[in-house]
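> Quick one, start-v9.pdb (PDB, C-alpha atoms):
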```
ATOM      1  CA  VAL J   1     -12.641-104.455   0.896  1.00  0.00           C
ATOM      2  CA  ASN J   2     -14.120-102.629  -2.037  1.00  0.00           C
ATOM      3  CA  SER J   3     -13.973 -98.858  -1.955  1.00  0.00           C
ATOM      4  CA  ALA J   4     -17.743 -98.672  -1.485  1.00  0.00           C
ATOM      5  CA  LEU J   5     -17.359-100.020   2.047  1.00  0.00           C
ATOM      6  CA  THR J   6     -14.909 -97.276   3.024  1.00  0.00           C
ATOM      7  CA  ARG J   7     -17.185 -94.337   2.179  1.00  0.00           C
ATOM      8  CA  GLY J   8     -18.425 -92.326   5.135  1.00  0.00           C
ATOM      9  CA  TYR J   9     -15.982 -93.672   7.712  1.00  0.00           C
ATOM     10  CA  ASP J  10     -13.824 -91.718  10.099  1.00  0.00           C
ATOM     11  CA  MET J  11     -10.547 -93.672  10.209  1.00  0.00           C
ATOM     12  CA  SER J  12      -8.598 -91.218  12.397  1.00  0.00           C
ATOM     13  CA  PHE J  13      -8.331 -93.921  15.070  1.00  0.00           C
ATOM     14  CA  SER J  14      -4.753 -95.175  15.315  1.00  0.00           C
ATOM     15  CA  ILE J  15      -3.339 -98.352  16.848  1.00  0.00           C
ATOM     16  CA  ARG J  16      -0.022 -98.545  18.619  1.00  0.00           C
ATOM     17  CA  GLN J  17       2.052-101.662  18.998  1.00  0.00           C
ATOM     18  CA  GLU J  18       0.338-102.376  22.321  1.00  0.00           C
ATOM     19  CA  TRP J  19      -3.032-102.410  20.462  1.00  0.00           C
ATOM     20  CA  LYS J  20      -4.337 -99.342  22.257  1.00  0.00           C
ATOM     21  CA  SER J  21      -5.849 -96.154  20.871  1.00  0.00           C
ATOM     22  CA  THR J  22      -3.683 -93.073  21.220  1.00  0.00           C
ATOM     23  CA  THR J  23      -6.872 -91.003  21.266  1.00  0.00           C
ATOM     24  CA  HIS J  24      -8.283 -93.267  23.968  1.00  0.00           C
ATOM     25  CA  ASP J  25      -5.063 -92.997  26.017  1.00  0.00           C
ATOM     26  CA  ARG J  26      -4.954 -89.211  25.780  1.00  0.00           C
ATOM     27  CA  THR J  27      -8.587 -88.964  26.859  1.00  0.00           C
ATOM     28  CA  TYR J  28      -8.105 -91.085  29.940  1.00  0.00           C
ATOM     29  CA  ASN J  29      -4.746 -89.544  30.816  1.00  0.00           C
ATOM     30  CA  LYS J  30      -6.486 -86.195  30.858  1.00  0.00           C
ATOM     31  CA  TYR J  31      -9.118 -87.507  33.257  1.00  0.00           C
ATOM     32  CA  PHE J  32      -6.598 -89.229  35.520  1.00  0.00           C
ATOM     33  CA  LYS J  33      -4.566 -86.033  35.861  1.00  0.00           C
ATOM     34  CA  PHE J  34      -7.766 -84.185  36.668  1.00  0.00           C
ATOM     35  CA  LEU J  35      -8.715 -86.787  39.297  1.00  0.00           C
ATOM     36  CA  ILE J  36      -5.290 -86.580  40.920  1.00  0.00           C
ATOM     37  CA  ILE J  37      -5.661 -82.812  41.307  1.00  0.00           C
ATOM     38  CA  ILE J  38      -9.168 -83.217  42.763  1.00  0.00           C
ATOM     39  CA  PHE J  39      -7.986 -85.964  45.112  1.00  0.00           C
ATOM     40  CA  LYS J  40      -5.201 -83.756  46.479  1.00  0.00           C
ATOM     41  CA  LYS J  41      -7.679 -80.942  47.087  1.00  0.00           C
ATOM     42  CA  PHE J  42     -10.052 -83.365  48.835  1.00  0.00           C
ATOM     43  CA  MET J  43      -7.286 -84.592  51.115  1.00  0.00           C
ATOM     44  CA  TYR J  44      -6.315 -81.023  51.945  1.00  0.00           C
ATOM     45  CA  ILE J  45      -9.924 -80.137  52.815  1.00  0.00           C
ATOM     46  CA  ILE J  46     -10.478 -83.333  54.813  1.00  0.00           C
ATOM     47  CA  TYR J  47      -7.329 -82.755  56.842  1.00  0.00           C
ATOM     48  CA  HIS J  48      -8.310 -79.217  57.884  1.00  0.00           C
ATOM     49  CA  VAL J  49     -11.993 -80.039  58.438  1.00  0.00           C
ATOM     50  CA  PHE J  50     -11.267 -83.058  60.624  1.00  0.00           C
ATOM     51  CA  ARG J  51      -8.953 -80.957  62.748  1.00  0.00           C
ATOM     52  CA  ARG J  52     -11.985 -78.855  63.666  1.00  0.00           C
ATOM     53  CA  ILE J  53     -14.602 -81.630  64.048  1.00  0.00           C
ATOM     54  CA  LYS J  54     -14.810 -83.032  67.565  1.00  0.00           C
ATOM     55  CA  ASN J  55     -18.109 -84.946  67.219  1.00  0.00           C
ATOM     56  CA  MET J  56     -17.403 -88.420  65.796  1.00  0.00           C
ATOM     57  CA  LYS J  57     -20.905 -88.851  64.296  1.00  0.00           C
ATOM     58  CA  THR J  58     -20.555 -85.605  62.416  1.00  0.00           C
ATOM     59  CA  ALA J  59     -17.117 -86.647  61.228  1.00  0.00           C
ATOM     60  CA  ALA J  60     -18.428 -90.017  60.005  1.00  0.00           C
ATOM     61  CA  ARG J  61     -21.255 -88.396  58.047  1.00  0.00           C
ATOM     62  CA  PHE J  62     -18.866 -85.933  56.470  1.00  0.00           C
ATOM     63  CA  LEU J  63     -16.477 -88.732  55.496  1.00  0.00           C
ATOM     64  CA  ALA J  64     -19.347 -90.730  53.915  1.00  0.00           C
ATOM     65  CA  ILE J  65     -20.291 -87.728  51.751  1.00  0.00           C
ATOM     66  CA  ILE J  66     -16.671 -87.295  50.672  1.00  0.00           C
ATOM     67  CA  LEU J  67     -16.393 -90.970  49.708  1.00  0.00           C
ATOM     68  CA  VAL J  68     -19.598 -90.866  47.637  1.00  0.00           C
ATOM     69  CA  VAL J  69     -18.374 -87.810  45.727  1.00  0.00           C
ATOM     70  CA  ALA J  70     -14.912 -89.331  45.223  1.00  0.00           C
ATOM     71  CA  MET J  71     -16.420 -92.557  43.839  1.00  0.00           C
ATOM     72  CA  ALA J  72     -18.711 -90.646  41.472  1.00  0.00           C
ATOM     73  CA  LEU J  73     -15.860 -88.739  39.842  1.00  0.00           C
ATOM     74  CA  PRO J  74     -14.053 -91.692  38.179  1.00  0.00           C
ATOM     75  CA  LEU J  75     -17.367 -93.177  37.094  1.00  0.00           C
ATOM     76  CA  SER J  76     -18.317 -89.990  35.294  1.00  0.00           C
ATOM     77  CA  ALA J  77     -14.842 -89.760  33.765  1.00  0.00           C
ATOM     78  CA  CYS J  78     -15.030 -93.289  32.364  1.00  0.00           C
ATOM     79  CA  GLY J  79     -18.457 -92.698  30.911  1.00  0.00           C
ATOM     80  CA  GLU J  80     -17.212 -90.859  27.833  1.00  0.00           C
ATOM     81  CA  LYS J  81     -17.041 -93.023  24.750  1.00  0.00           C
ATOM     82  CA  VAL J  82     -14.625 -92.404  21.902  1.00  0.00           C
ATOM     83  CA  GLU J  83     -16.048 -93.124  18.448  1.00  0.00           C
ATOM     84  CA  VAL J  84     -13.673 -95.124  16.268  1.00  0.00           C
ATOM     85  CA  MET J  85     -15.835 -95.470  13.160  1.00  0.00           C
ATOM     86  CA  GLU J  86     -19.084 -93.843  12.085  1.00  0.00           C
ATOM     87  CA  TYR J  87     -21.384 -94.605   9.172  1.00  0.00           C
ATOM     88  CA  ASN J  88     -24.766 -92.918   8.694  1.00  0.00           C
ATOM     89  CA  GLY J  89     -25.186 -92.460  12.428  1.00  0.00           C
ATOM     90  CA  HIS J  90     -24.041 -95.982  13.385  1.00  0.00           C
ATOM     91  CA  VAL J  91     -20.863 -96.113  15.448  1.00  0.00           C
ATOM     92  CA  ILE J  92     -18.250 -98.459  16.831  1.00  0.00           C
ATOM     93  CA  THR J  93     -16.698 -97.166  20.037  1.00  0.00           C
ATOM     94  CA  SER J  94     -13.095 -97.532  21.115  1.00  0.00           C
ATOM     95  CA  GLU J  95     -14.136-100.091  23.746  1.00  0.00           C
ATOM     96  CA  MET J  96     -15.853-102.320  21.201  1.00  0.00           C
ATOM     97  CA  TYR J  97     -13.040-101.889  18.676  1.00  0.00           C
ATOM     98  CA  SER J  98     -10.431-102.809  21.286  1.00  0.00           C
ATOM     99  CA  TYR J  99     -12.350-105.975  22.146  1.00  0.00           C
ATOM    100  CA  ILE J 100     -12.736-106.993  18.490  1.00  0.00           C
ATOM    101  CA  LEU J 101      -9.023-106.411  17.896  1.00  0.00           C
ATOM    102  CA  SER J 102      -8.053-108.389  21.002  1.00  0.00           C
ATOM    103  CA  GLU J 103     -10.402-111.203  20.005  1.00  0.00           C
ATOM    104  CA  ASN J 104      -8.812-111.494  16.569  1.00  0.00           C
ATOM    105  CA  LYS J 105      -5.322-111.145  17.991  1.00  0.00           C
ATOM    106  CA  SER J 106      -5.974-114.054  20.376  1.00  0.00           C
ATOM    107  CA  TYR J 107      -7.386-116.139  17.532  1.00  0.00           C
ATOM    108  CA  ILE J 108      -4.234-115.665  15.437  1.00  0.00           C
ATOM    109  CA  LEU J 109      -2.002-116.580  18.379  1.00  0.00           C
ATOM    110  CA  SER J 110      -3.976-119.742  19.175  1.00  0.00           C
ATOM    111  CA  GLN J 111      -4.268-120.856  15.549  1.00  0.00           C
ATOM    112  CA  TYR J 112      -0.524-120.795  14.982  1.00  0.00           C
ATOM    113  CA  ASN J 113       0.508-121.579  18.555  1.00  0.00           C
ATOM    114  CA  TYR J 114       2.354-118.282  18.844  1.00  0.00           C
ATOM    115  CA  THR J 115       3.447-116.579  22.049  1.00  0.00           C
ATOM    116  CA  ASP J 116       2.367-112.954  22.195  1.00  0.00           C
ATOM    117  CA  SER J 117       5.421-110.785  21.583  1.00  0.00           C
ATOM    118  CA  PRO J 118       6.408-107.662  19.607  1.00  0.00           C
ATOM    119  CA  GLU J 119       8.473-109.841  17.300  1.00  0.00           C
ATOM    120  CA  ILE J 120       5.342-111.623  16.038  1.00  0.00           C
ATOM    121  CA  TRP J 121       3.438-108.445  15.184  1.00  0.00           C
ATOM    122  CA  ASN J 122       6.469-106.668  13.719  1.00  0.00           C
ATOM    123  CA  SER J 123       7.386-109.602  11.492  1.00  0.00           C
ATOM    124  CA  ALA J 124       6.702-109.369   7.753  1.00  0.00           C
ATOM    125  CA  TYR J 125       3.335-110.518   6.441  1.00  0.00           C
ATOM    126  CA  SER J 126       4.244-109.367   2.939  1.00  0.00           C
ATOM    127  CA  ASP J 127       6.924-107.154   1.424  1.00  0.00           C
ATOM    128  CA  ASP J 128       5.580-103.881   2.840  1.00  0.00           C
ATOM    129  CA  VAL J 129       3.138-105.043   5.537  1.00  0.00           C
ATOM    130  CA  THR J 130       3.792-106.429   9.022  1.00  0.00           C
ATOM    131  CA  VAL J 131       1.586-109.051  10.659  1.00  0.00           C
ATOM    132  CA  GLY J 132       0.294-106.396  13.049  1.00  0.00           C
ATOM    133  CA  GLU J 133      -0.617-104.019  10.224  1.00  0.00           C
ATOM    134  CA  TRP J 134      -2.353-106.837   8.344  1.00  0.00           C
ATOM    135  CA  LEU J 135      -4.381-107.772  11.435  1.00  0.00           C
ATOM    136  CA  VAL J 136      -5.475-104.171  12.014  1.00  0.00           C
ATOM    137  CA  SER J 137      -6.539-103.851   8.358  1.00  0.00           C
ATOM    138  CA  GLN J 138      -8.609-107.049   8.658  1.00  0.00           C
ATOM    139  CA  VAL J 139     -10.313-105.779  11.806  1.00  0.00           C
ATOM    140  CA  ASN J 140     -10.996-102.409  10.157  1.00  0.00           C
ATOM    141  CA  ASP J 141     -12.622-104.146   7.185  1.00  0.00           C
ATOM    142  CA  TYR J 142     -14.724-106.300   9.499  1.00  0.00           C
ATOM    143  CA  CYS J 143     -15.892-103.275  11.503  1.00  0.00           C
ATOM    144  CA  ARG J 144     -16.829-101.463   8.300  1.00  0.00           C
ATOM    145  CA  THR J 145     -18.867-104.479   7.228  1.00  0.00           C
ATOM    146  CA  LEU J 146     -20.675-104.552  10.576  1.00  0.00           C
ATOM    147  CA  LEU J 147     -21.633-100.900  10.221  1.00  0.00           C
ATOM    148  CA  VAL J 148     -22.784-101.245   6.611  1.00  0.00           C
ATOM    149  CA  CYS J 149     -24.955-104.216   7.613  1.00  0.00           C
ATOM    150  CA  LYS J 150     -26.442-102.291  10.515  1.00  0.00           C
ATOM    151  CA  ASP J 151     -27.253 -99.425   8.163  1.00  0.00           C
ATOM    152  CA  LEU J 152     -28.875-101.797   5.649  1.00  0.00           C
ATOM    153  CA  ALA J 153     -30.888-103.361   8.463  1.00  0.00           C
ATOM    154  CA  THR J 154     -32.115 -99.948   9.616  1.00  0.00           C
ATOM    155  CA  LYS J 155     -33.080 -98.836   6.115  1.00  0.00           C
ATOM    156  CA  ASN J 156     -34.938-102.084   5.394  1.00  0.00           C
ATOM    157  CA  GLY J 157     -36.581-102.547   8.794  1.00  0.00           C
ATOM    158  CA  ILE J 158     -34.650-105.714   9.618  1.00  0.00           C
ATOM    159  CA  SER J 159     -34.296-106.727  13.267  1.00  0.00           C
ATOM    160  CA  LEU J 160     -32.740-109.806  14.786  1.00  0.00           C
ATOM    161  CA  SER J 161     -34.560-112.966  13.725  1.00  0.00           C
ATOM    162  CA  GLU J 162     -35.980-115.306  16.342  1.00  0.00           C
ATOM    163  CA  GLU J 163     -33.206-117.766  15.540  1.00  0.00           C
ATOM    164  CA  SER J 164     -30.567-115.096  16.150  1.00  0.00           C
ATOM    165  CA  VAL J 165     -32.182-113.973  19.417  1.00  0.00           C
ATOM    166  CA  THR J 166     -32.276-117.578  20.635  1.00  0.00           C
ATOM    167  CA  ALA J 167     -28.660-118.156  19.572  1.00  0.00           C
ATOM    168  CA  LEU J 168     -27.522-114.987  21.367  1.00  0.00           C
ATOM    169  CA  GLU J 169     -29.332-115.984  24.564  1.00  0.00           C
ATOM    170  CA  LYS J 170     -27.751-119.435  24.413  1.00  0.00           C
ATOM    171  CA  LEU J 171     -24.319-117.910  23.802  1.00  0.00           C
ATOM    172  CA  ASN J 172     -24.636-115.720  26.890  1.00  0.00           C
ATOM    173  CA  ALA J 173     -25.809-118.640  29.017  1.00  0.00           C
ATOM    174  CA  ASP J 174     -22.957-120.847  27.782  1.00  0.00           C
ATOM    175  CA  LEU J 175     -20.339-118.160  28.447  1.00  0.00           C
ATOM    176  CA  ILE J 176     -21.626-117.461  31.945  1.00  0.00           C
ATOM    177  CA  GLU J 177     -21.505-121.186  32.698  1.00  0.00           C
ATOM    178  CA  ALA J 178     -18.049-121.584  31.128  1.00  0.00           C
ATOM    179  CA  TYR J 179     -16.578-118.758  33.222  1.00  0.00           C
ATOM    180  CA  GLY J 180     -18.207-119.927  36.448  1.00  0.00           C
ATOM    181  CA  GLY J 181     -20.968-117.360  36.868  1.00  0.00           C
ATOM    182  CA  LYS J 182     -21.985-113.828  35.887  1.00  0.00           C
ATOM    183  CA  GLY J 183     -19.446-112.245  38.223  1.00  0.00           C
ATOM    184  CA  LYS J 184     -16.427-114.000  36.707  1.00  0.00           C
ATOM    185  CA  TRP J 185     -17.765-113.403  33.182  1.00  0.00           C
ATOM    186  CA  ASN J 186     -18.015-109.670  33.968  1.00  0.00           C
ATOM    187  CA  VAL J 187     -14.483-109.676  35.361  1.00  0.00           C
ATOM    188  CA  TYR J 188     -13.205-111.299  32.157  1.00  0.00           C
ATOM    189  CA  LEU J 189     -14.958-108.717  29.974  1.00  0.00           C
ATOM    190  CA  ALA J 190     -13.658-105.902  32.185  1.00  0.00           C
ATOM    191  CA  SER J 191     -10.108-107.048  31.426  1.00  0.00           C
ATOM    192  CA  PHE J 192     -10.814-105.931  27.828  1.00  0.00           C
ATOM    193  CA  GLY J 193     -12.335-102.637  28.959  1.00  0.00           C
ATOM    194  CA  ILE J 194     -15.917-103.610  28.127  1.00  0.00           C
ATOM    195  CA  ASN J 195     -19.004-104.840  29.973  1.00  0.00           C
ATOM    196  CA  VAL J 196     -21.889-107.191  29.222  1.00  0.00           C
ATOM    197  CA  ASP J 197     -23.883-104.464  27.450  1.00  0.00           C
ATOM    198  CA  ILE J 198     -21.039-103.652  25.043  1.00  0.00           C
ATOM    199  CA  PHE J 199     -20.404-107.353  24.424  1.00  0.00           C
ATOM    200  CA  ASN J 200     -24.096-107.971  23.665  1.00  0.00           C
ATOM    201  CA  GLU J 201     -24.219-104.927  21.392  1.00  0.00           C
ATOM    202  CA  TYR J 202     -21.263-106.314  19.437  1.00  0.00           C
ATOM    203  CA  MET J 203     -22.745-109.805  19.205  1.00  0.00           C
ATOM    204  CA  GLU J 204     -26.105-108.385  18.107  1.00  0.00           C
ATOM    205  CA  MET J 205     -24.289-106.628  15.267  1.00  0.00           C
ATOM    206  CA  CYS J 206     -22.645-109.941  14.313  1.00  0.00           C
ATOM    207  CA  TYR J 207     -25.927-111.840  14.254  1.00  0.00           C
ATOM    208  CA  LEU J 208     -27.618-108.952  12.455  1.00  0.00           C
ATOM    209  CA  MET J 209     -24.931-109.162   9.774  1.00  0.00           C
ATOM    210  CA  ASN J 210     -25.946-112.788   9.139  1.00  0.00           C
ATOM    211  CA  ASP J 211     -29.636-111.832   8.928  1.00  0.00           C
ATOM    212  CA  VAL J 212     -28.876-108.996   6.498  1.00  0.00           C
ATOM    213  CA  TYR J 213     -26.801-111.308   4.327  1.00  0.00           C
ATOM    214  CA  ASP J 214     -29.628-113.868   4.208  1.00  0.00           C
ATOM    215  CA  ALA J 215     -32.145-111.184   3.254  1.00  0.00           C
ATOM    216  CA  LEU J 216     -29.851-109.544   0.698  1.00  0.00           C
ATOM    217  CA  VAL J 217     -28.142-112.494  -0.986  1.00  0.00           C
ATOM    218  CA  SER J 218     -29.732-115.796   0.013  1.00  0.00           C
ATOM    219  CA  ASP J 219     -33.421-114.829   0.074  1.00  0.00           C
ATOM    220  CA  GLY J 220     -33.333-111.656  -2.005  1.00  0.00           C
ATOM    221  CA  THR J 221     -36.062-110.064   0.135  1.00  0.00           C
ATOM    222  CA  ILE J 222     -34.231-106.719   0.290  1.00  0.00           C
ATOM    223  CA  SER J 223     -32.232-104.772  -2.260  1.00  0.00           C
ATOM    224  CA  CYS J 224     -29.142-102.614  -2.030  1.00  0.00           C
ATOM    225  CA  GLU J 225     -28.916 -99.368  -3.990  1.00  0.00           C
ATOM    226  CA  ASP J 226     -25.136 -99.567  -4.116  1.00  0.00           C
ATOM    227  CA  GLN J 227     -24.312-102.377  -6.527  1.00  0.00           C
ATOM    228  CA  GLU J 228     -20.695-102.439  -5.404  1.00  0.00           C
ATOM    229  CA  ILE J 229     -21.726-103.254  -1.827  1.00  0.00           C
ATOM    230  CA  TYR J 230     -24.088-105.937  -3.071  1.00  0.00           C
ATOM    231  CA  GLU J 231     -21.333-107.543  -5.157  1.00  0.00           C
ATOM    232  CA  TYR J 232     -19.006-107.455  -2.162  1.00  0.00           C
ATOM    233  CA  PHE J 233     -21.432-109.423  -0.009  1.00  0.00           C
ATOM    234  CA  LYS J 234     -22.229-111.788  -2.846  1.00  0.00           C
ATOM    235  CA  ASP J 235     -18.598-112.582  -3.601  1.00  0.00           C
ATOM    236  CA  TYR J 236     -16.749-112.267  -0.290  1.00  0.00           C
ATOM    237  CA  TYR J 237     -19.063-112.675   2.672  1.00  0.00           C
TER
END
```
In C-alpha cells, how does this file's structure come out?

Amino acid sequence: VNSALTRGYDMSFSIRQEWKSTTHDRTYNKYFKFLIIIFKKFMYIIYHVFRRIKNMKTAARFLAIILVVAMALPLSACGEKVEVMEYNGHVITSEMYSYILSENKSYILSQYNYTDSPEIWNSAYSDDVTVGEWLVSQVNDYCRTLLVCKDLATKNGISLSEESVTALEKLNADLIEAYGGKGKWNVYLASFGINVDIFNEYMEMCYLMNDVYDALVSDGTISCEDQEIYEYFKDYY
C-alpha cells in the first residue's frame, strides 16, 4: 500500500501467533482478575448474611439482587472496546479486526486445503517474511483502505447506495437462513468475539468502499485531494 494510506494510523496493535491482540488480552485479563476478587468478596458476604437470615422469602430476594449485580459486572467489563486503527476519527476496534483477520485466515486455509497449524503460519512466504506476517500485513492494508474510504465518504456526503443497502439486507437474510436461524448465527459470530451489530458495521464499511470507488474512479462524481490515494484506488482497487 502506498505511503499515503498509512498516514494517521495508530499501528501499535500487535498480533501473536494465536492471532490475538496482546493489548486485548491484557485488558481482559485485568477485568477477569478484578471479577475474581469481587466474586470472592460476594461469596464471603453471602455466606455470613445467609447465616443470619431465617426468613426464606427475604433470603430469596437478597439472592436475586446479588445475582443481578454479579451478572452486570462482566457485561460492563466486556463493554470496553480497544481501538486498533484510527484515521480522522474513524476507527476499527479489536473485535472487528480479529474477525477480519480470522475471515482471511480461513479463506487462505480453504483455498489451499491447509490444516490450521503453527507450521503453516511460520513457514516462509518470502526470504524474510512468514506466511503469518504476510497475512497480517494484507489485513492491515485492507483495514487502512476501509478507513480511508469511510473518511472519503464522510467528507463527500456519500452514504450507502440503495443497491448496497439491498445487498446487505439480502446477505443478512441468507446468512441467517444458512446457519439455521438468528440464534445460531449469533452463536457463530460470538465465537469470533463479535455480534450482529459489529458484523453489520464491518459489512457496511465494505459496501461503502465499493460506493466510494464508483464515485471516485468509475463515475468521477467526487474528487480526492491526495493524488497518491487516488492513484492507489485507480491502479490497485
> Would you compute the distance between atom CA of J:Cys224 and atom CA of J:Val148? Give it in Å to one decimal.
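Pair atom CA of J:Cys224 / atom CA of J:Val148 returns 10.8 Å.
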> I'd like to know which of J:Gly89, J:Cys149, J:Tyr99, J:Val82 is closest to J:Gly193, using all atoms listed in the file.
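That would be J:Tyr99, the residue with the smallest distance to J:Gly193.
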> I'd like the residues picked by the PyMOL selection byres ((chain J and resi 164) around 9) written out as an mmCIF file with C-alpha atoms, in the coordinates of the input, using the chain letters and numbers from the file.

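Okay, this is what ended up in out.cif:
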```cif
data_model
loop_
_atom_site.group_PDB
_atom_site.id
_atom_site.type_symbol
_atom_site.label_atom_id
_atom_site.label_comp_id
_atom_site.auth_asym_id
_atom_site.auth_seq_id
_atom_site.Cartn_x
_atom_site.Cartn_y
_atom_site.Cartn_z
ATOM 1 C CA LEU J 160 -32.740 -109.806 14.786
ATOM 2 C CA SER J 161 -34.560 -112.966 13.725
ATOM 3 C CA GLU J 162 -35.980 -115.306 16.342
ATOM 4 C CA GLU J 163 -33.206 -117.766 15.540
ATOM 5 C CA VAL J 165 -32.182 -113.973 19.417
ATOM 6 C CA THR J 166 -32.276 -117.578 20.635
ATOM 7 C CA ALA J 167 -28.660 -118.156 19.572
ATOM 8 C CA LEU J 168 -27.522 -114.987 21.367
ATOM 9 C CA GLU J 169 -29.332 -115.984 24.564
ATOM 10 C CA GLU J 204 -26.105 -108.385 18.107
ATOM 11 C CA TYR J 207 -25.927 -111.840 14.254
ATOM 12 C CA LEU J 208 -27.618 -108.952 12.455
ATOM 13 C CA ASN J 210 -25.946 -112.788 9.139
ATOM 14 C CA ASP J 211 -29.636 -111.832 8.928
#
```
> Just want the 12 Å neighbourhood of J:Ala215, counted on all atoms listed in the file, with same-chain residues fewer than 3 positions away dropped. Output as a list in words.
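The filter keeps Cys149, Leu152, Ala153, Asn156, Gly157, Ile158, Ser159, Leu160, Ser161, Leu208, Met209, Asn210, Asp211, Val212, Ser218, Asp219, Gly220, Thr221, Ile222, Ser223, Cys224, Tyr230, Phe233 and Lys234 of chain J.
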> Run through the PyMOL selection byres ((chain J and resi 200-202) around 9) on the given coordinates and return the selected residues as a count of residues only.
15
> I'd like the interatomic distance between atom CA of J:Asn186 and atom CA of J:Thr145, to a tenth of an Å.
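Separation between atom CA of J:Asn186 and atom CA of J:Thr145: 27.3 Å.
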> Between atom CA of J:Gly181 and atom CA of J:Asn104, what is the distance, to one decimal in Å?
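Interatomic distance, atom CA of J:Gly181 to atom CA of J:Asn104: 24.4 Å.
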